[in-house]
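The structure under discussion appears below in the form of structure tokens.
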Amino acid sequence: MQISPPTHAPGDMQRAMECEELVHPLVNSVVVAAVASGWTCDEALIAIEEAVKDIRAAKPITQ
């Protein structure tokens, strides 16, 4: 998976929107794959939300 680098400076509101536009299709693909495997859309979305909470709490990714 490859995601383009940002084109806006940190703190620029467009930067967050740009990231969202890049990440949205990836998250959607995960939800579609989970639903195709038998999970409900709500189950997949809740799982993603919980994963985000876990990642935020652990902060394992550094720049």
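If you're wondering about the labels, chains in the structure tokens are A, B, ... by order shown, residues count from 1 in each chain, ligands from 1 in order shown.
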
Problem - region 27-30 of chain A surroundings by only C-alpha atoms, 12 Å radius, close-in-sequence under 6 positions cut, as a ChimeraX atom specification - result: /A:20-21,36-37,39,41,43-45,47-49,51-52

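Shell of Gln2 (chain A) at 10 Å, with only C-alpha atoms counted and residues fewer than 2 places along the chain excluded, is Ser4, Pro5 and Leu22 of chain A.
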
Store the residues picked out above in a file with C-alpha atoms, as a PDB file, in the first residue's frame.
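Saved file result35.pdb follows:
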```pdb
ATOM      1  CA  SER A   4       0.998  10.009  -1.297  1.00  0.00           C
ATOM      2  CA  PRO A   5       2.842  12.478   0.933  1.00  0.00           C
ATOM      3  CA  LEU A  22      -6.469   9.258   0.833  1.00  0.00           C
TER       4      LEU A  22
END
```
